[in-house]
Amino acid sequence: MTLDPSTGATAPDGDRGAPSASDTVLTDGGEPAGRHGSLWTATSEPTDYGPLDGDIRVDAAVVGGGIAGIATAFELVERGRTVAVVERDRILDWTTGRTTAKVTSLHGLVYDHLIDHFGAERARQYADANQAAIERVADTVDRLDVDCEFGRAPAYTYADSASDRSEVRAEVDAARRLGLPASFVESTDLPYEVAGAVRFDDQAYFHPRKYLLALAERVADHAQRGDGSDDGGIYEETVVTAVDDGDPCRLDTDRGEVVADDVVLATHFPVSDHALYFSRLSPKRSYVLAARLSEEAPDGMYYDPSEPYFSVRPHAGSESLVLIGGQNHRTGHADDTTDRYRELERRARERFDVASIEYRWATQDFTSVDSVPFVGRAAPQLDGVYVATGFGGWGMTNGVAAGVVLADLITGRSNPWSDVYDPTRFEFGASRSDLVSHNRHAVGHFFDGHVRGRPDLDLAGLAPGEATVADEHDDPVAVYRDEGGAVHAVSAVCPHMGCLVTWNDGERSWDCPCHGSRFDVDGSVLDTPAVDGLDSVDLGADDEDRSRDR
């Protein structure tokens with residue numbers, strides 16, 4: 001489905017009855033302003049690749065259809081390999097379709113951190129990889145003539161207060177040392193003052209789905225051989241249930257078996273975790289508004305790294321539309337996720353003359369404990385299995401770079417950036433604090449969920465639109481009553497590692513506060529690391545009678 005964001009005439013797929021884009025902010029109760037769906041999905045064509053139908057044999061199998069998976073598949077088919085992309089749902093619909101889509105090597109205040117903890121050589125590898133990714137996107141847009149609203153703009157990471165200026169200056173010095181196009185500035189085209197900013201020139205932005213759909217089409221076209229046989233391609237609505245390494249590797253799916261020389265796990269969080277990624281990846285949710293201003297949008301892309309962060313970038317399709325992101329929190333740890341949209345709109349209106357909120361959506365990222373993604377061989381004991389994960393919100397360039405790194409590793413070429421991304425690394429100084437914090441949170445919530453008492457299930461007290469985790473015959477059950485009054489009941493125990501899920505009212509999902517798995521109200525998986533869904537619970541006639549009696 002396509003849509004003109006200037007009119008908002010048609011709601012995107014998945015809209016849940018949100019008000020029109022012209023509605024003003026709601027301070028108490030009700031739905032937040034804007035259509036509930038991603039601008040990128042609403043303004044690009046949906047995909048309809050069929051599921052796998054039986055067993056196939058390919059050179060490489062890529063599990064996951066986000067930017068890392070599609071970029072890797074594209075790089076491999078460009079080198080003559082046959083590739084099968086296997087996606088649980090629809091490609092480019094989840095994190096990649098819900099990004100702010102900044103194509104930049106300026107990732108907050110990362111370079112001073114990298115030099116301190118990884119050393120200058122590997123910090124330069126990270127810088128070079130992300131700078132090269134910008135130009136790779138630009139070259140691909142030109143070579144394939146992709147209409148994806150690609151544009152150039154400076155990127156800024158700024159400090160709100162004078163006390164943070166020293167960190168910004170240190171980042172400028174570190175970035176310059178690595179050969180990046182960095183400068184320190186005190187004035188910007190934002191309509192409010194900043195204390196100082198690091199500026200990177202000649203960065204970029206694009207429409208991520210339009211760009212990657214063009215690459216996906218090349219992958220699908222490559223599968224069509226002259227004899228009419230289908231060897232590889234893109235397979236949607238196909239769930240990988242097991243990954244076996246070896247010579248060759250094998251993927252078990254609910255639709256058949258994929259045999260491949262090499263397998264890439266690009267599923268946001270690896271669907272097969274032999275290297276304890278659950279202990280090294282921290283999940284976070286963040287929120288995005290597409291806001292129409294009463295004035296011209298700023299030309300640059302802006303990021304305030306203080307917690308919660310605040311992000312601004314212009315939309316190439318309109319002089320007055322901007323994407324505003326922020327209000328990040330650990331997955332499953334927000335009391336009222338709907339209020340995150342309201343708070344983000346409040347901050348947007350404080351800083352800009354906002355005419356309307358056109359769209360709102362949320363996204364999920366996994367951040368590695370040392371702030372660098374894991375890209376490379378998935379685990380020392382696995383042969384032919386690779387991974388790409390932990391982009392921490394900076395997946396547009398890191399995902400493109402990951403595609404190059406993985407394609408080089410698979411085809412036997414040396415890669416100048418692979419060392420910094422190596423998943424087997426352990427940088428104690430860089431990861432110590434986040435490693436301890438992440439796992440302390442996970443363990444704490446596991447025991448809290450199972451030790452602390454829960455109320456007995458009371459369906460009569462559950463109003464439409466409400467949800468609860470309660471005990472039903474001494475078992476924890478997650479129950480949601482939809483707006484039509486129907487009750488959806490599933491086990492509250494996450495099948496990944498047994499933590500109890502919490503309700504996400506902003507997205508109407510069950511979220512695991514330990515490792516970030518997410519589930520729809522019917523229990524189906526929305527986000528890994530869980531591979532299996534929440535078990536359905538039959539409340540039975542006694543509960544229905546009890547509800548009616550009250």
# chains A, B, ... in the order shown; residues from 1 in each chain; ligands from 1
$ select_by_dssp --residues "segment 152-358 of chain A" --states "strand (DSSP E)" --output "ChimeraX atom specification"
/A:152-159,182-185,196-205,233-235,240-244,249-253,257-265,281-293,301-304,310-314,321-330,354-358
$ residues_around --residues "Thr238 of chain A" --least-positions-apart "5" --cutoff "7 Å" --atoms "only C-alpha atoms" --output "JSON, numbers by chain"
{"A": [51, 52, 86, 87, 88, 253, 254, 255]}
$ residues_around --residues "segment 117-125 of chain A" --least-positions-apart "2" --cutoff "12 Å" --atoms "only C-alpha atoms" --output "MDAnalysis selection string"
chainID A and resid 105 110:115 127:132 174:180 370:372 398 401 405 415:422 425:432
$ select_by_dssp --residues "segment 339-507 of chain A" --states "alpha helix (DSSP H)" --output "PyMOL selection string"
chain A and resi 339-351+395-411+418-421+428-451
$ residues_around --residues "Glu149 of chain A" --least-positions-apart "2" --cutoff "9 Å" --atoms "only C-alpha atoms" --output "list in words"
Val146, Asp147, Gly151, Tyr205, Phe206, His207, Lys210, Tyr211, His315, Ala316 and Gly317 of chain A
$ atom_distance --atom1 "atom CA of Phe366 of chain A" --atom2 "atom CA of Ala530 of chain A"
13.9 Å
$ atom_distance --atom1 "atom CA of Glu193 of chain A" --atom2 "atom CA of Arg360 of chain A"
26.2 Å
